[in-house]
file upload-v3.txt (compact mmCIF, C-alpha atoms)
# COMPACT_ATOMS: atom_id res chain seq x y z
CA MET A 1395 0.00 0.00 0.00
CA ALA A 1396 1.31 3.44 -0.90
CA SER A 1397 1.69 6.18 1.68
CA TYR A 1398 1.86 9.96 1.52
CA ASN A 1399 3.23 12.22 4.24
CA ARG A 1400 2.72 15.92 3.43
CA VAL A 1401 1.72 18.81 5.70
CA ILE A 1402 0.94 22.41 4.75
CA LEU A 1403 0.42 24.86 7.61
CA VAL A 1404 -0.12 28.60 7.90
CA GLY A 1405 0.18 30.15 11.32
CA ASN A 1406 2.09 32.46 13.61
CA MET A 1407 5.32 31.69 15.42
CA THR A 1408 4.84 31.19 19.17
CA ARG A 1409 8.46 31.96 20.11
CA ASP A 1410 11.66 33.33 18.61
CA PRO A 1411 13.56 30.84 16.44
CA ASP A 1412 16.17 28.69 18.20
CA LEU A 1413 19.07 28.34 15.74
CA ARG A 1414 21.85 25.82 16.44
CA TYR A 1415 24.44 24.01 14.37
CA THR A 1416 25.22 20.29 14.23
CA PRO A 1417 28.83 19.18 14.79
CA GLY A 1418 29.07 18.90 11.00
CA GLY A 1419 28.13 22.58 10.59
CA MET A 1420 24.52 22.09 9.38
CA ALA A 1421 22.07 24.75 10.64
CA VAL A 1422 18.97 23.50 12.46
CA CYS A 1423 16.23 25.75 13.80
CA GLU A 1424 13.35 24.88 16.12
CA ILE A 1425 10.19 26.98 16.07
CA GLY A 1426 6.71 26.75 17.53
CA LEU A 1427 3.70 27.40 15.31
CA ALA A 1428 0.14 28.29 16.34
CA VAL A 1429 -2.55 27.43 13.80
CA ASN A 1430 -6.07 28.73 14.42
CA ASP A 1431 -9.30 27.09 13.30
CA ARG A 1432 -12.67 28.80 13.56
CA ARG A 1433 -15.81 26.72 13.25
CA ARG A 1434 -19.48 26.82 14.15
CA THR A 1435 -20.88 24.44 16.76
CA PRO A 1436 -24.22 22.62 16.25
CA GLU A 1437 -25.74 25.29 18.54
CA GLY A 1438 -24.64 27.99 16.10
CA GLU A 1439 -21.86 29.49 18.24
CA TRP A 1440 -18.44 30.27 16.77
CA VAL A 1441 -15.57 28.46 18.48
CA GLU A 1442 -11.91 29.22 17.89
CA GLU A 1443 -9.47 26.38 18.39
CA THR A 1444 -5.68 26.78 18.38
CA THR A 1445 -3.28 23.95 17.64
CA PHE A 1446 0.37 24.29 18.67
CA ILE A 1447 2.93 22.52 16.49
CA ASP A 1448 6.70 22.12 16.80
CA VAL A 1449 8.57 22.60 13.52
CA THR A 1450 12.19 21.81 12.63
CA LEU A 1451 13.89 23.68 9.78
CA TRP A 1452 17.26 22.71 8.29
CA ALA A 1453 20.09 24.36 6.34
CA LYS A 1454 19.22 27.60 4.50
CA ASN A 1455 15.59 27.56 5.69
CA ALA A 1456 16.85 27.47 9.29
CA GLU A 1457 19.23 30.38 8.81
CA THR A 1458 16.67 32.48 6.90
CA CYS A 1459 14.00 31.86 9.53
CA SER A 1460 16.37 32.82 12.34
CA GLN A 1461 17.52 35.97 10.56
CA TYR A 1462 14.17 37.42 9.48
CA LEU A 1463 11.44 36.05 11.77
CA THR A 1464 10.49 36.57 15.40
CA LYS A 1465 7.71 35.57 17.75
CA GLY A 1466 4.35 36.41 16.16
CA SER A 1467 5.61 36.32 12.56
CA PRO A 1468 3.19 34.72 10.09
CA ILE A 1469 4.69 31.83 8.11
CA LEU A 1470 3.66 29.07 5.72
CA ILE A 1471 5.36 25.71 6.27
CA GLU A 1472 5.34 22.73 3.93
CA GLY A 1473 6.89 19.51 5.11
CA ARG A 1474 6.31 16.08 6.58
CA LEU A 1475 5.28 14.62 9.92
CA LYS A 1476 7.91 12.87 12.01
CA LEU A 1477 7.37 10.90 15.20
CA ASP A 1478 10.04 11.45 17.85
CA GLN A 1479 10.26 8.67 20.48
CA TRP A 1480 12.35 8.58 23.64
CA GLU A 1481 12.37 7.20 27.16
CA GLN A 1482 12.26 9.48 30.19
CA GLU A 1483 12.33 8.25 33.77
CA GLY A 1484 11.46 4.75 32.62
CA GLN A 1485 8.41 5.85 30.61
CA LYS A 1486 8.18 5.82 26.85
CA ARG A 1487 7.37 9.21 25.37
CA SER A 1488 6.52 10.31 21.83
CA LYS A 1489 5.75 13.54 20.05
CA LEU A 1490 4.71 14.45 16.51
CA ARG A 1491 6.58 17.29 14.85
CA VAL A 1492 6.79 18.76 11.35
CA VAL A 1493 10.08 18.67 9.45
CA CYS A 1494 10.01 21.70 7.14
CA GLU A 1495 11.02 21.21 3.53
CA LYS A 1496 9.75 24.57 2.22
CA MET A 1497 8.84 27.77 3.99
CA GLN A 1498 7.27 31.04 2.91
CA MET A 1499 7.45 34.14 5.06
CA LEU A 1500 4.13 35.98 5.04
CA GLY A 1501 3.01 39.45 6.04
CA SER A 1502 3.99 42.89 4.90
CA ARG A 1503 7.55 44.11 4.55
CA GLY A 1504 8.82 46.17 7.43
CA ALA A 1505 6.06 45.02 9.79
CA SER A 1506 7.55 44.35 13.21
CA GLY A 1507 6.52 41.22 15.04
CA GLY A 1508 4.90 39.80 11.95
CA SER A 1509 1.79 41.94 11.98
CA GLY A 1510 -0.51 40.71 9.27
CA GLY A 1511 -1.15 41.82 5.77
CA SER A 1512 -1.06 39.77 2.66
CA GLY A 1513 1.56 42.02 1.13
CA GLY A 1514 5.07 41.01 0.25
CA ASN A 1515 7.12 38.15 1.48
CA TYR A 1516 10.78 37.35 1.90
CA SER A 1517 10.79 34.03 0.12
CA ARG A 1518 14.15 33.08 -1.34
CA ARG A 1519 13.15 31.97 -4.80
CA ASN A 1520 15.31 30.26 -7.31
CA GLU A 1521 15.63 33.17 -9.72
CA THR A 1522 16.65 30.88 -12.57
CA GLU A 1523 13.33 29.03 -12.36
CA ALA A 1524 11.15 32.00 -11.43
CA TYR A 1525 12.52 34.72 -13.70
CA GLY A 1526 14.99 33.13 -16.06
CA GLY A 1527 17.95 34.45 -14.05
CA GLY A 1528 19.67 37.79 -13.98
CA TYR A 1529 18.06 39.24 -10.85
CA GLU A 1530 19.65 39.87 -7.48
CA GLU A 1531 18.67 37.61 -4.61
CA TYR A 1532 16.22 39.22 -2.22
CA PRO A 1533 16.45 39.79 0.68
CA PRO A 1534 19.99 41.16 0.65
CA SER A 1535 22.60 39.52 2.85
CA SER A 1536 22.64 40.36 6.56
CA ALA A 1537 25.60 42.71 5.96
CA GLN A 1538 23.37 44.87 3.76
CA GLN A 1539 20.18 44.61 5.82
CA PRO A 1540 20.30 44.38 9.64
CA ARG A 1541 17.70 42.27 11.42
CA GLY A 1542 14.69 44.30 12.49
CA GLY A 1543 15.73 47.36 10.47
CA ALA A 1544 13.88 49.11 7.71
CA GLN A 1545 13.42 46.71 4.85
CA ASN A 1546 12.96 48.16 1.37
CA PRO A 1547 12.98 45.97 -1.75
CA PRO A 1548 15.38 46.73 -4.56
CA ASP A 1549 13.91 48.68 -7.48
CA ASP A 1550 14.57 45.97 -10.08
CA ILE A 1551 12.20 43.26 -8.78
CA PRO A 1552 9.84 42.45 -11.69
CA PHE A 1553 6.62 42.19 -9.68
call {"tool": "encode", "arguments": {"input": "upload-v3.txt", "output": "structure tokens"}}
result
Amino acid sequence: MASYNRVILVGNMTRDPDLRYTPGGMAVCEIGLAVNDRRRTPEGEWVEETTFIDVTLWAKNAETCSQYLTKGSPILIEGRLKLDQWEQEGQKRSKLRVVCEKMQMLGSRGASGGSGGSGGNYSRRNETEAYGGGYEEYPPSSAQQPRGGAQNPPDDIPF
């Protein structure tokens, strides 16, 4: 029987990213994500339900997340579920988490704390695929754009 393990989530970060590096030098970042669901009960009342999810990002996604996002930032995560299992004080424990394979930063540029808006994003796109090459990577490197500072896009972005 075939199986399929794919998760797509949109939510807000519940804490600042925790960036670390493996002994081999690979970046790994742990974040918490809150995903809200609003539904109507059989009695007609609206109920809001929040689900909290732990997410692990690797390599460039981890570094980008740590550099540009903070608690409250809206983000789209695409990845897969992974079951972590361990033993603590003689009891078996387990926890589901999402391993991020793609991420999209959401919200408006220059908004502190990730305040909403469906405006721009800071997605690092493969310019060769998206535009046929020839465009500068956006956002600029951290040397050009300090974290939390004013963030203005370059004038030559074709959208």
call {"tool": "residues_around", "arguments": {"input": "upload-v3.txt", "residues": "Met1420 in chain A", "least_positions_apart": "4", "cutoff": "8 Å", "atoms": "all atoms listed in the file", "output": "list in words"}}
result
Tyr1415, Thr1416, Trp1452 and Ala1453 of chain A
call {"tool": "axis_aligned_box", "arguments": {"input": "upload-v3.txt", "around": "range 1411-1427 of chain A", "padding_each_side": "5 Å", "output": "lines of an AutoDock Vina configuration file"}}
result
center_x = 16.4
center_y = 24.9
center_z = 13.8
size_x = 35.4
size_y = 21.9
size_z = 18.8
call {"tool": "atom_distance", "arguments": {"input": "upload-v3.txt", "atom1": "CA of Gln1498 in chain A", "atom2": "CA of Arg1432 in chain A"}}
result
22.7 Å
call {"tool": "closest_residue", "arguments": {"input": "upload-v3.txt", "among": "A:Leu1490, A:Met1497, A:Val1441, A:Leu1475", "to": "Cys1459 in chain A", "atoms": "all atoms listed in the file"}}
result
A:Met1497
call {"tool": "atom_distance", "arguments": {"input": "upload-v3.txt", "atom1": "CA of Gln1461 in chain A", "atom2": "CA of Gly1405 in chain A"}}
result
18.3 Å
call {"tool": "closest_residue", "arguments": {"input": "upload-v3.txt", "among": "A:Ala1396, A:Leu1470, A:Leu1413, A:Val1401", "to": "Ala1428 in chain A", "atoms": "all atoms listed in the file"}}
result
A:Leu1470
call {"tool": "closest_residue", "arguments": {"input": "upload-v3.txt", "among": "A:Met1499, A:Met1395, A:Leu1403, A:Lys1454", "to": "Ser1467 in chain A", "atoms": "all atoms listed in the file"}}
result
A:Met1499
call {"tool": "residues_around", "arguments": {"input": "upload-v3.txt", "residues": "Asp1410 in chain A", "least_positions_apart": "3", "cutoff": "9 Å", "atoms": "all atoms listed in the file", "output": "list in words"}}
result
Met1407, Glu1424, Ile1425, Gly1426, Ser1460, Leu1463, Thr1464, Lys1465 and Gly1466 of chain A
call {"tool": "atom_distance", "arguments": {"input": "upload-v3.txt", "atom1": "CA of Gly1473 in chain A", "atom2": "CA of Thr1444 in chain A"}}
result
19.7 Å
call {"tool": "residues_around", "arguments": {"input": "upload-v3.txt", "residues": "Val1429 in chain A", "least_positions_apart": "2", "cutoff": "9 Å", "atoms": "all atoms listed in the file", "output": "PyMOL selection string"}}
result
chain A and resi 1403-1406+1427+1431+1443-1447
call {"tool": "write_last_selection", "arguments": {"input": "upload-v3.txt", "atoms": "C-alpha atoms", "output": "JSON list (two decimals), keeping the file's coordinate frame"}}
result
[["chain", "number", "residue", "atom", "x", "y", "z"],
["A", 1403, "LEU", "CA", 0.42, 24.86, 7.61],
["A", 1404, "VAL", "CA", -0.12, 28.60, 7.90],
["A", 1405, "GLY", "CA", 0.18, 30.15, 11.32],
["A", 1406, "ASN", "CA", 2.09, 32.46, 13.61],
["A", 1427, "LEU", "CA", 3.70, 27.40, 15.31],
["A", 1431, "ASP", "CA", -9.30, 27.09, 13.30],
["A", 1443, "GLU", "CA", -9.47, 26.38, 18.39],
["A", 1444, "THR", "CA", -5.68, 26.78, 18.38],
["A", 1445, "THR", "CA", -3.28, 23.95, 17.64],
["A", 1446, "PHE", "CA", 0.37, 24.29, 18.67],
["A", 1447, "ILE", "CA", 2.93, 22.52, 16.49]]
